[in-house]
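K.L.:
Structure file work_23.cif, mmCIF, C-alpha atoms and all ligand atoms, is pasted below:
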```cif
data_work
#
loop_
_atom_site.label_atom_id
_atom_site.label_comp_id
_atom_site.auth_asym_id
_atom_site.auth_seq_id
_atom_site.Cartn_x
_atom_site.Cartn_y
_atom_site.Cartn_z
CA MET A 1 0.00 0.00 0.00
CA LYS A 2 1.32 3.43 -0.91
CA PHE A 3 1.15 6.55 1.24
CA THR A 4 -2.27 8.02 0.44
CA THR A 5 -4.00 4.64 0.33
CA ARG A 6 -2.54 3.93 3.76
CA LEU A 7 -3.57 7.36 4.97
CA LEU A 8 -7.16 6.82 3.85
CA HIS A 9 -7.62 3.17 4.73
CA GLU A 10 -5.06 1.79 7.16
CA ALA A 11 -6.33 3.18 10.44
CA PHE A 12 -9.77 4.30 9.34
CA ALA A 13 -13.04 2.47 8.86
CA PRO A 14 -16.62 3.74 8.61
CA ASP A 15 -18.15 4.29 12.06
CA ALA A 16 -19.22 0.91 13.47
CA ALA A 17 -22.44 2.24 15.01
CA THR A 18 -23.75 4.41 12.17
CA GLY A 19 -21.72 3.75 9.01
CA ALA A 20 -20.64 7.43 8.94
CA THR A 21 -17.75 7.86 6.50
CA THR A 22 -16.06 10.67 8.41
CA GLN A 23 -14.96 10.35 12.01
CA PRO A 24 -18.04 11.37 14.07
CA ILE A 25 -17.58 14.27 16.50
CA PHE A 26 -18.11 13.19 20.10
CA GLN A 27 -18.46 16.65 21.59
CA SER A 28 -18.99 15.28 25.08
CA SER A 29 -16.95 16.08 28.18
CA ALA A 30 -17.72 12.81 29.91
CA PHE A 31 -18.86 9.27 29.14
CA TYR A 32 -21.39 7.21 31.09
CA GLN A 33 -20.60 3.70 32.28
CA PRO A 34 -23.44 1.39 33.31
CA THR A 35 -21.89 0.18 36.58
CA ALA A 36 -19.42 1.40 39.17
CA GLU A 37 -17.40 -1.75 38.44
CA ASP A 38 -17.10 -0.83 34.75
CA MET A 39 -15.99 2.69 35.66
CA ALA A 40 -13.40 1.35 38.12
CA LYS A 41 -12.02 -1.10 35.55
CA ILE A 42 -11.60 1.61 32.92
CA PHE A 43 -9.85 3.87 35.41
CA ALA A 44 -7.55 1.01 36.35
CA GLY A 45 -6.74 0.38 32.67
CA ARG A 46 -8.25 -3.12 32.84
CA LYS A 47 -11.07 -2.43 30.36
CA PRO A 48 -11.08 -0.24 27.23
CA GLY A 49 -13.50 2.68 27.24
CA PHE A 50 -13.89 6.39 27.68
CA VAL A 51 -14.61 8.33 30.85
CA TYR A 52 -13.57 11.96 30.36
CA THR A 53 -12.33 13.81 27.27
CA ARG A 54 -9.17 15.16 28.92
CA VAL A 55 -8.08 11.52 29.26
CA GLY A 56 -9.51 10.14 26.02
CA ASN A 57 -12.30 10.66 23.51
CA PRO A 58 -13.42 8.56 20.50
CA THR A 59 -12.96 11.40 17.96
CA ILE A 60 -9.50 12.19 19.28
CA ALA A 61 -8.62 8.49 19.47
CA GLY A 62 -9.56 8.07 15.78
CA PHE A 63 -7.21 10.89 14.85
CA GLU A 64 -4.43 9.48 17.06
CA ARG A 65 -4.70 6.07 15.38
CA ARG A 66 -4.32 7.59 11.93
CA ILE A 67 -1.22 9.65 12.73
CA ASN A 68 0.28 6.76 14.67
CA ALA A 69 -0.15 4.48 11.65
CA LEU A 70 1.41 7.03 9.28
CA GLU A 71 4.42 7.52 11.56
CA GLY A 72 4.78 3.82 12.35
CA GLY A 73 4.54 4.27 16.12
CA VAL A 74 3.30 2.13 19.00
CA GLY A 75 0.88 4.84 20.15
CA ALA A 76 0.05 8.52 19.89
CA VAL A 77 -1.45 11.16 22.16
CA ALA A 78 -3.05 14.27 20.68
CA CYS A 79 -2.54 17.60 22.43
CA ALA A 80 -4.09 21.06 22.59
CA SER A 81 -1.44 22.65 20.35
CA GLY A 82 2.00 21.98 18.96
CA MET A 83 3.47 23.71 21.99
CA ALA A 84 1.37 21.54 24.32
CA ALA A 85 2.79 18.54 22.46
CA VAL A 86 6.40 19.79 22.77
CA SER A 87 6.13 20.69 26.46
CA GLN A 88 4.29 17.56 27.55
CA ALA A 89 6.47 15.28 25.40
CA VAL A 90 9.76 16.47 26.89
CA LEU A 91 8.54 16.92 30.47
CA ASN A 92 7.39 13.30 30.36
CA VAL A 93 11.08 12.37 30.45
CA LEU A 94 12.98 15.22 32.15
CA SER A 95 13.58 15.86 35.83
CA GLN A 96 15.34 18.60 37.76
CA GLY A 97 19.00 18.60 36.70
CA SER A 98 18.30 17.18 33.22
CA GLU A 99 19.82 18.76 30.14
CA ILE A 100 18.29 18.92 26.65
CA LEU A 101 20.73 18.86 23.75
CA ALA A 102 19.09 20.68 20.82
CA SER A 103 19.83 21.77 17.29
CA GLY A 104 20.36 25.50 16.84
CA GLY A 105 17.57 26.16 14.38
CA LEU A 106 14.62 25.41 16.64
CA TYR A 107 11.25 27.11 16.17
CA GLY A 108 11.20 30.25 18.38
CA GLY A 109 8.34 29.01 20.56
CA THR A 110 10.27 25.85 21.40
CA SER A 111 13.54 27.64 22.22
CA SER A 112 11.59 30.10 24.38
CA LEU A 113 9.92 27.18 26.23
CA PHE A 114 13.27 25.45 26.77
CA ARG A 115 14.69 28.71 28.18
CA ASP A 116 11.78 28.87 30.64
CA PHE A 117 12.56 25.35 31.90
CA ALA A 118 15.66 26.81 33.63
CA GLU A 119 13.28 27.97 36.38
CA TYR A 120 12.68 24.28 37.15
CA GLY A 121 16.30 23.17 36.93
CA ILE A 122 16.09 21.82 33.36
CA THR A 123 18.58 23.40 30.99
CA VAL A 124 19.15 23.42 27.26
CA ARG A 125 22.46 23.27 25.41
CA TYR A 126 22.65 23.92 21.68
CA ALA A 127 24.94 21.99 19.34
CA ALA A 128 27.43 24.40 17.78
CA GLY A 129 26.67 23.08 14.27
CA ASP A 130 24.47 20.62 12.41
CA ARG A 131 26.92 17.72 12.08
CA VAL A 132 26.66 14.68 14.32
CA GLU A 133 30.15 15.54 15.66
CA ASP A 134 28.76 18.90 16.86
CA PHE A 135 26.10 17.06 18.87
CA ALA A 136 28.64 14.53 20.15
CA ALA A 137 30.85 17.36 21.39
CA ALA A 138 27.96 18.93 23.32
CA LEU A 139 26.75 15.78 25.13
CA THR A 140 27.29 15.80 28.90
CA GLU A 141 26.50 13.28 31.62
CA ARG A 142 23.35 15.31 32.36
CA THR A 143 21.99 15.08 28.80
CA ARG A 144 18.65 13.27 28.92
CA LEU A 145 17.36 13.82 25.41
CA ILE A 146 18.37 15.13 22.01
CA TYR A 147 15.80 17.39 20.35
CA VAL A 148 15.77 18.43 16.68
CA GLU A 149 13.40 19.54 13.93
CA THR A 150 13.41 17.79 10.54
CA ILE A 151 13.75 21.17 8.80
CA GLY A 152 14.46 24.03 11.20
CA ASN A 153 11.86 26.81 11.23
CA PRO A 154 13.01 29.25 9.83
CA LYS A 155 16.73 28.35 9.61
CA LEU A 156 16.00 25.48 7.18
CA ASP A 157 18.80 23.38 8.61
CA VAL A 158 18.54 19.61 8.21
CA VAL A 159 20.24 17.08 10.47
CA ASP A 160 21.00 13.45 9.65
CA ILE A 161 18.34 11.76 11.80
CA ALA A 162 19.67 8.19 11.44
CA ALA A 163 23.20 9.23 12.47
CA LEU A 164 21.88 11.31 15.36
CA ALA A 165 19.71 8.42 16.59
CA GLU A 166 22.81 6.22 16.68
CA LEU A 167 24.68 8.83 18.69
CA ALA A 168 21.76 9.29 21.10
CA HIS A 169 21.38 5.57 21.72
CA ALA A 170 25.10 5.07 22.23
CA HIS A 171 24.71 7.53 25.12
CA ASP A 172 21.45 6.00 26.45
CA VAL A 173 19.32 9.01 25.60
CA PRO A 174 16.29 9.18 23.28
CA LEU A 175 16.04 11.28 20.11
CA PHE A 176 12.95 13.52 19.82
CA VAL A 177 12.12 14.90 16.37
CA ASP A 178 9.64 17.66 15.55
CA ASN A 179 8.28 16.55 12.15
CA THR A 180 5.88 19.50 11.69
CA VAL A 181 7.55 21.01 8.64
CA THR A 182 8.00 17.76 6.71
CA THR A 183 5.00 15.65 7.90
CA PRO A 184 5.02 11.83 7.56
CA TYR A 185 4.61 12.28 3.81
CA LEU A 186 8.20 13.52 3.47
CA CYS A 187 9.76 11.87 6.49
CA GLN A 188 8.99 9.20 9.07
CA PRO A 189 11.63 9.81 11.74
CA LEU A 190 10.79 6.67 13.78
CA LYS A 191 11.85 4.57 10.79
CA LEU A 192 15.17 6.40 10.78
CA GLY A 193 15.73 5.49 14.44
CA ALA A 194 14.14 8.42 16.32
CA ASP A 195 12.23 7.58 19.50
CA VAL A 196 9.54 10.24 19.73
CA VAL A 197 7.92 12.31 16.98
CA ILE A 198 6.14 15.58 17.67
CA HIS A 199 3.83 17.59 15.42
CA SER A 200 2.07 20.87 15.49
CA THR A 201 -1.06 19.57 13.71
CA SER A 202 -2.09 23.23 13.27
CA LYS A 203 0.11 23.26 10.15
CA ALA A 204 0.29 20.97 7.10
CA LEU A 205 -1.49 17.99 8.67
CA ASN A 206 -4.56 20.19 8.98
CA GLY A 207 -3.66 22.14 5.87
CA ASN A 208 -6.47 24.67 6.03
CA GLY A 209 -5.47 26.73 9.05
CA ASN A 210 -8.73 26.08 10.86
CA SER A 211 -7.66 24.57 14.19
CA ILE A 212 -4.76 24.45 16.63
CA GLY A 213 -3.47 21.07 17.76
CA GLY A 214 -0.48 18.86 18.35
CA ILE A 215 0.39 15.19 18.63
CA VAL A 216 3.15 13.02 20.08
CA VAL A 217 3.96 9.59 18.63
CA ALA A 218 6.18 7.04 20.39
CA GLY A 219 8.45 4.55 18.65
CA GLY A 220 8.47 2.18 21.62
CA LYS A 221 12.05 0.91 21.23
CA PHE A 222 13.90 3.13 23.69
CA ARG A 223 14.14 1.77 27.24
CA TYR A 224 13.80 4.49 29.87
CA ASP A 225 16.14 3.20 32.56
CA PRO A 226 14.80 4.48 35.90
CA ALA A 227 18.37 5.12 37.08
CA LEU A 228 18.61 7.86 34.42
CA PHE A 229 14.89 8.65 34.08
CA PRO A 230 13.41 8.43 37.61
CA LYS A 231 9.93 9.33 36.34
CA PHE A 232 9.81 5.86 34.76
CA ARG A 233 10.21 3.94 38.03
CA GLU A 234 6.50 3.13 38.02
CA TYR A 235 6.20 3.05 34.24
CA GLN A 236 7.98 -0.06 33.04
CA PHE A 237 5.50 -1.32 30.45
CA GLY A 238 7.96 -2.25 27.71
CA PRO A 239 7.32 -0.46 24.39
CA MET A 240 4.26 1.32 25.85
CA SER A 241 6.05 2.92 28.84
CA TYR A 242 6.53 6.35 27.28
CA ILE A 243 3.09 6.75 25.73
CA VAL A 244 1.19 5.38 28.75
CA ARG A 245 3.03 7.78 31.04
CA LEU A 246 2.43 10.67 28.61
CA ARG A 247 -1.32 10.11 28.66
CA GLN A 248 -1.68 9.30 32.35
CA ARG A 249 0.78 11.69 33.94
CA MET A 250 1.24 14.53 31.45
CA VAL A 251 -1.87 15.13 29.35
CA THR A 252 -4.27 13.97 32.07
CA ASP A 253 -2.52 15.95 34.83
CA TYR A 254 -1.23 18.98 32.92
CA GLY A 255 -4.44 19.08 30.89
CA GLY A 256 -3.19 19.93 27.40
CA CYS A 257 -5.60 17.63 25.52
CA MET A 258 -6.87 18.17 21.98
CA ALA A 259 -10.45 19.37 21.45
CA PRO A 260 -12.68 16.77 19.69
CA PHE A 261 -13.80 19.28 17.07
CA ASN A 262 -10.16 20.08 16.22
CA ALA A 263 -9.42 16.35 15.87
CA TYR A 264 -12.37 16.11 13.46
CA LEU A 265 -11.26 19.11 11.34
CA THR A 266 -7.64 18.01 11.26
CA GLY A 267 -8.68 14.51 10.23
CA ILE A 268 -10.52 15.97 7.23
CA GLY A 269 -7.47 18.00 6.22
CA LEU A 270 -5.27 14.94 6.63
CA ASP A 271 -7.11 13.10 3.83
CA THR A 272 -5.53 15.40 1.20
CA LEU A 273 -2.03 15.66 2.73
CA ALA A 274 -0.08 14.13 -0.16
CA LEU A 275 -2.06 15.93 -2.88
CA ARG A 276 -1.47 19.28 -1.21
CA LEU A 277 2.19 18.65 -0.51
CA ASP A 278 2.98 17.56 -4.05
CA ARG A 279 1.63 20.88 -5.33
CA ILE A 280 3.31 22.83 -2.50
CA ASN A 281 6.72 21.21 -3.05
CA ALA A 282 6.58 22.04 -6.77
CA ASN A 283 5.47 25.63 -6.08
CA ALA A 284 8.17 26.17 -3.44
CA LEU A 285 10.92 24.90 -5.73
CA ALA A 286 9.69 27.13 -8.58
CA LEU A 287 9.64 30.20 -6.31
CA ALA A 288 13.08 29.43 -4.84
CA ARG A 289 14.51 29.08 -8.36
CA LEU A 290 12.91 32.37 -9.42
CA CYS A 291 14.45 34.21 -6.45
CA ALA A 292 17.87 32.65 -7.19
CA GLU A 293 17.65 33.50 -10.91
CA LYS A 294 16.92 37.11 -10.01
CA GLY A 295 20.09 37.15 -7.89
CA PHE A 296 18.44 37.26 -4.45
CA ASP A 297 19.86 35.58 -1.35
CA VAL A 298 17.38 32.67 -1.07
CA ASN A 299 17.54 29.66 1.23
CA TYR A 300 15.67 26.45 0.32
CA PRO A 301 16.89 22.88 0.89
CA GLY A 302 15.67 22.01 -2.62
CA LEU A 303 18.30 24.26 -4.20
CA GLU A 304 21.65 22.65 -4.87
CA ALA A 305 23.32 25.69 -3.34
CA SER A 306 21.84 24.81 0.08
CA PRO A 307 24.39 23.10 2.37
CA TYR A 308 21.56 20.76 3.38
CA HIS A 309 20.54 19.74 -0.14
CA ALA A 310 22.20 16.30 -0.13
CA ILE A 311 20.91 15.16 3.24
CA ALA A 312 17.43 16.61 2.56
CA LYS A 313 17.32 14.82 -0.79
CA LYS A 314 18.19 11.51 0.83
CA GLN A 315 16.03 11.90 3.93
CA PHE A 316 12.89 13.44 2.36
CA GLY A 317 12.80 11.57 -0.97
CA ASN A 318 13.72 14.50 -3.21
CA ARG A 319 10.98 16.73 -1.74
CA TYR A 320 11.85 19.77 0.30
CA GLY A 321 8.70 21.23 1.85
CA ALA A 322 6.88 24.54 1.79
CA MET A 323 9.30 26.85 3.56
CA LEU A 324 11.90 29.14 2.01
CA THR A 325 13.55 32.29 3.27
CA LEU A 326 14.96 35.40 1.64
CA ARG A 327 17.50 37.88 2.96
CA LEU A 328 16.71 41.27 1.52
CA GLY A 329 19.48 43.46 2.96
CA THR A 330 17.48 45.53 5.45
CA LYS A 331 14.39 45.28 7.61
CA GLU A 332 12.81 48.08 5.54
CA ARG A 333 13.24 46.13 2.31
CA ALA A 334 11.88 43.01 4.02
CA PHE A 335 8.78 44.96 5.10
CA GLN A 336 8.41 46.49 1.62
CA PHE A 337 8.53 43.04 0.04
CA ILE A 338 5.94 41.61 2.46
CA ASN A 339 3.63 44.57 1.92
CA SER A 340 3.84 44.41 -1.86
CA LEU A 341 2.96 40.71 -2.26
CA HIS A 342 -0.56 40.26 -3.49
CA TYR A 343 -1.39 36.61 -2.81
CA ALA A 344 0.96 35.82 0.07
CA LEU A 345 -0.80 36.69 3.32
CA ASN A 346 1.15 38.28 6.16
CA VAL A 347 0.41 35.57 8.73
CA SER A 348 2.41 33.97 11.57
CA ASN A 349 1.42 30.44 10.61
CA ILE A 350 2.82 27.79 8.30
CA GLY A 351 1.31 24.84 6.44
CA ASP A 352 -1.79 26.55 5.06
CA ALA A 353 -3.42 26.07 1.64
CA ARG A 354 -2.64 29.78 1.04
CA THR A 355 0.88 31.14 0.68
CA LEU A 356 1.95 32.91 3.88
CA VAL A 357 4.77 35.37 4.51
CA LEU A 358 6.30 36.70 7.75
CA HIS A 359 9.14 38.78 9.17
CA PRO A 360 10.41 36.40 11.92
CA ALA A 361 12.65 38.89 13.80
CA SER A 362 9.75 41.20 14.71
CA THR A 363 7.18 38.44 15.29
CA ILE A 364 7.84 34.83 16.36
CA PHE A 365 11.39 35.72 17.51
CA VAL A 366 10.56 39.08 19.05
CA HIS A 367 11.14 37.79 22.61
CA ALA A 368 14.13 35.60 21.68
CA SER A 369 17.59 36.31 23.05
CA ALA A 370 20.35 37.44 20.67
CA GLU A 371 21.85 33.91 20.94
CA GLU A 372 18.54 32.25 20.05
CA LYS A 373 18.15 34.53 17.04
CA THR A 374 21.69 33.75 15.86
CA ASN A 375 21.18 30.02 16.42
CA GLY A 376 17.84 30.18 14.62
CA GLY A 377 19.32 31.99 11.62
CA VAL A 378 17.02 34.97 12.24
CA THR A 379 18.31 38.30 10.96
CA GLU A 380 16.54 41.66 10.63
CA ASP A 381 16.40 41.35 6.84
CA LEU A 382 14.98 37.79 6.79
CA VAL A 383 11.56 37.03 5.27
CA ARG A 384 9.98 33.59 5.74
CA ILE A 385 7.70 32.31 3.01
CA ASN A 386 5.41 29.34 3.39
CA VAL A 387 4.19 28.29 0.01
CA GLY A 388 0.59 27.24 -0.61
CA ILE A 389 -1.34 25.48 -3.36
CA GLU A 390 -2.12 28.49 -5.59
CA ASP A 391 -1.50 28.11 -9.32
CA THR A 392 2.24 28.28 -9.91
CA ASP A 393 2.09 30.96 -12.61
CA ASP A 394 0.15 33.35 -10.39
CA LEU A 395 2.63 32.93 -7.54
CA LEU A 396 5.61 33.40 -9.87
CA GLU A 397 4.09 36.58 -11.28
CA ASP A 398 3.29 37.95 -7.82
CA PHE A 399 6.82 37.27 -6.51
CA SER A 400 8.42 38.53 -9.68
CA THR A 401 6.64 41.89 -9.41
CA ALA A 402 7.49 42.28 -5.71
CA LEU A 403 11.16 41.34 -6.25
CA ASP A 404 11.53 43.64 -9.28
CA ALA A 405 10.18 46.53 -7.19
CA LEU A 406 13.14 46.04 -4.80
CA ALA A 407 15.80 46.05 -7.49
N1 LIG A 501 6.89 23.19 16.10
C1 LIG A 501 7.10 23.85 14.95
C2 LIG A 501 8.19 23.39 14.02
C3 LIG A 501 6.31 24.96 14.62
O1 LIG A 501 6.52 25.61 13.47
C4 LIG A 501 5.30 25.38 15.54
C5 LIG A 501 4.47 26.57 15.26
O2 LIG A 501 4.73 27.34 14.37
C6 LIG A 501 5.15 24.66 16.72
C7 LIG A 501 5.94 23.56 16.97
C8 LIG A 501 4.09 25.06 17.71
O3 LIG A 501 2.82 24.69 17.26
P1 LIG A 501 1.46 25.38 17.69
O4 LIG A 501 1.44 26.74 17.07
O5 LIG A 501 0.41 24.47 17.16
O6 LIG A 501 1.44 25.46 19.19
#
```
Please rewrite the model in this file as structure tokens.
Ligand code: PLP

P.N.:
Amino acid sequence: MKFTTRLLHEAFAPDAATGATTQPIFQSSAFYQPTAEDMAKIFAGRKPGFVYTRVGNPTIAGFERRINALEGGVGAVACASGMAAVSQAVLNVLSQGSEILASGGLYGGTSSLFRDFAEYGITVRYAAGDRVEDFAAALTERTRLIYVETIGNPKLDVVDIAALAELAHAHDVPLFVDNTVTTPYLCQPLKLGADVVIHSTSKALNGNGNSIGGIVVAGGKFRYDPALFPKFREYQFGPMSYIVRLRQRMVTDYGGCMAPFNAYLTGIGLDTLALRLDRINANALALARLCAEKGFDVNYPGLEASPYHAIAKKQFGNRYGAMLTLRLGTKERAFQFINSLHYALNVSNIGDARTLVLHPASTIFVHASAEEKTNGGVTEDLVRINVGIEDTDDLLEDFSTALDALA
């Protein structure tokens, strides 16, 4: 079975009770059980069933099964947002004194979150470069997980996931990969050896920009030794340890669950993932080539000039995603460019059907430290473009006009 057939059929069947061909929306906070014994068994995990939507809900569970199947995991837990997924996923593992080893080009919200963890005795250390040796050099005895994005937002850096997984496992730490920008259509990090995959489902998985959400998928192979990960003392359930703890102790206790209606909307968007991304990848490459031909400083992993072209080609099957960036010399020129685009909307989101454009330094990185901006490749003259599914010719014409106006 190929990707879209799997996506549509592998973990989806018409609703058993009604025959409905989309996942029904169970917009209910709680679920009745006929006897106190039934309720007790479900709470004890000895009987399947639903009790309260913060813990589990049939609409959300349907969405979790589909993403889990696409990523090849042992289980998935949907969350209120991508940031709820990031925070709950990493706090499921870390304790006071733990260190995160991260790639430099992290999304600004994630680097800001990791900075905040210092208040709780959890610190972050950034690898000085993107090579595995850079990560190896930054490992310490306190490192408890390695955290990277498949394509950094907006740095567009790409790490070698398989090599990094080997390094992580040789040091008894798991590798967490944020797969938001690539989605399982371009990359399935668990198959490359990663242990946990995180998504902001608000982006390309949804594809229409109509609901915020996140999801965490576990690979199930990494063993969380309680000597290094004390939170797992009571959670030794083999491959299910991580995901069971995430649901029971993080999402249930911290409360960052997905809303059923958002699971429903995102599930609808998911159906067309590959169709949308094929068009988006082609559009993004055409726009990147146009910018390069016109002599602008453009960054896109699909261009041979990108230092990440070879690894991206290998890892993402010759597809490079929706995001490209331009350096336009000054902040004023960046603003002028954004304001003169006709179809690209000035929006702080990515992964929409419409092309979106943003000035990262004054928006998503506005509260970042100078070091975080440097690590993230964010300069005052940088413009981030997230390409949509518009007709290629219209996008090329729009960009051409806006670029010519800068010349
Ligand atoms: N991870 C990445 C790579 C992102 O781009 C974003 C948002 O832009 C997030 C996580 C956070 O997701 P959300 O906005 O759904 O909280």

K.L.:
Kindly provide, as JSON, the centre and edge lengths (Å, one decimal) of an axis-aligned box around all atoms of stretch 304-315 of chain A given in the file, with 4 Å on each side.

P.N.:
```
{"center_x": 20.2, "center_y": 18.6, "center_z": -0.5, "size_x": 16.4, "size_y": 22.2, "size_z": 16.8}
```

K.L.:
For a quick check of understanding, using all atoms listed in the file, which of A:Thr201, A:Ser95, A:Thr123, A:Thr22 has the smallest distance to ligand LIG 501 (chain A)?

P.N.:
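Using all atoms listed in the file, the shortest distance to ligand LIG 501 (chain A) belongs to A:Thr201.
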
K.L.:
Restrict the calculation to all atoms listed in the file, then for each residue of chain A with any atom at most 9 Å from an atom of ligand LIG 501 (chain A) give the closest atom pair and their distance in Å to one decimal, rows by chain and rising residue number, as CSV.

P.N.:
```
residue,atom,partner,partner_atom,distance
A:Ala80,CA,A:LIG501,O5,7.8
A:Ser81,CA,A:LIG501,O5,4.1
A:Gly82,CA,A:LIG501,O3,3.3
A:Met83,CA,A:LIG501,O6,3.9
A:Ala84,CA,A:LIG501,O6,6.5
A:Ala85,CA,A:LIG501,O6,7.8
A:Val86,CA,A:LIG501,C7,6.9
A:Leu106,CA,A:LIG501,C2,7.2
A:Tyr107,CA,A:LIG501,C2,5.3
A:Gly108,CA,A:LIG501,C3,8.1
A:Gly109,CA,A:LIG501,C8,6.5
A:Thr110,CA,A:LIG501,C7,6.6
A:Glu149,CA,A:LIG501,C2,6.5
A:Thr150,CA,A:LIG501,C2,8.4
A:Ile151,CA,A:LIG501,C2,7.9
A:Gly152,CA,A:LIG501,C2,6.9
A:Asn153,CA,A:LIG501,C2,5.7
A:Pro154,CA,A:LIG501,O1,8.3
A:Asp178,CA,A:LIG501,C2,6.1
A:Asn179,CA,A:LIG501,C2,7.1
A:Thr180,CA,A:LIG501,C2,5.1
A:Val181,CA,A:LIG501,C2,5.9
A:Ile198,CA,A:LIG501,N1,7.8
A:His199,CA,A:LIG501,N1,6.4
A:Ser200,CA,A:LIG501,O3,4.3
A:Thr201,CA,A:LIG501,O5,6.2
A:Ser202,CA,A:LIG501,O5,4.8
A:Lys203,CA,A:LIG501,O5,7.1
A:Ser211,CA,A:LIG501,O5,8.6
A:Ile212,CA,A:LIG501,O5,5.2
A:Gly213,CA,A:LIG501,O5,5.2
A:Gly214,CA,A:LIG501,O5,5.8
A:Ser348,CA,A:LIG501,O2,7.6
A:Asn349,CA,A:LIG501,O2,5.9
A:Ile350,CA,A:LIG501,O2,6.4
A:Gly351,CA,A:LIG501,O1,8.8
A:Ile364,CA,A:LIG501,O2,8.4
```

K.L.:
Could you pull the residues within 12 Å of A:Ser362, counting only C-alpha atoms, minus those fewer than 4 positions along the same chain, as a ChimeraX atom specification?

P.N.:
/A:108,331-332,334-335,348,358,366-368,373,378-384

K.L.:
Nearest residue to A:Tyr343 out of A:Glu37, A:Ser306, A:Asn318, A:Val387, using all atoms listed in the file?

P.N.:
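Closest candidate: A:Val387.
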
K.L.:
How far is it from atom CA of A:Gly255 to atom CA of A:Tyr224, in Å with one decimal?

P.N.:
23.4 Å

K.L.:
Point out the residue among A:Ile161, A:Ala282, A:Ile100, A:Val347 with the least atom-to-atom distance to A:Asp130, counting all atoms listed in the file.

P.N.:
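The shortest atom-to-atom distance to A:Asp130 comes from A:Ile161.
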
K.L.:
Measuring between all atoms listed in the file, which one of A:Ala61, A:Ile268, A:Ile122, A:Leu113 shows the shortest distance to A:Gln96?

P.N.:
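Smallest separation from A:Gln96 among the options: A:Ile122.
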
K.L.:
Which one of A:Ser103, A:Val216, A:Val77, A:Tyr185 sits closest to A:Lys2 if you count all atoms listed in the file?

P.N.:
A:Tyr185

K.L.:
Pick from A:Ala127, A:Ala405, A:Val159, A:Gly269: nearest to A:Lys313, with only C-alpha atoms counted?

P.N.:
A:Val159

K.L.:
Grab the atom CA of A:Tyr300 to atom CA of A:Leu186 distance for me, in Å with one decimal place.

P.N.:
15.3 Å

K.L.:
Please list as JSON, numbers by chain every residue within 10 Å of A:Glu64, counting all atoms listed in the file and excluding residues in the same chain fewer than 2 positions away.

P.N.:
{"A": [11, 58, 59, 60, 61, 62, 66, 67, 68, 69, 75, 76, 77, 78, 79, 215, 216, 217, 263, 267]}
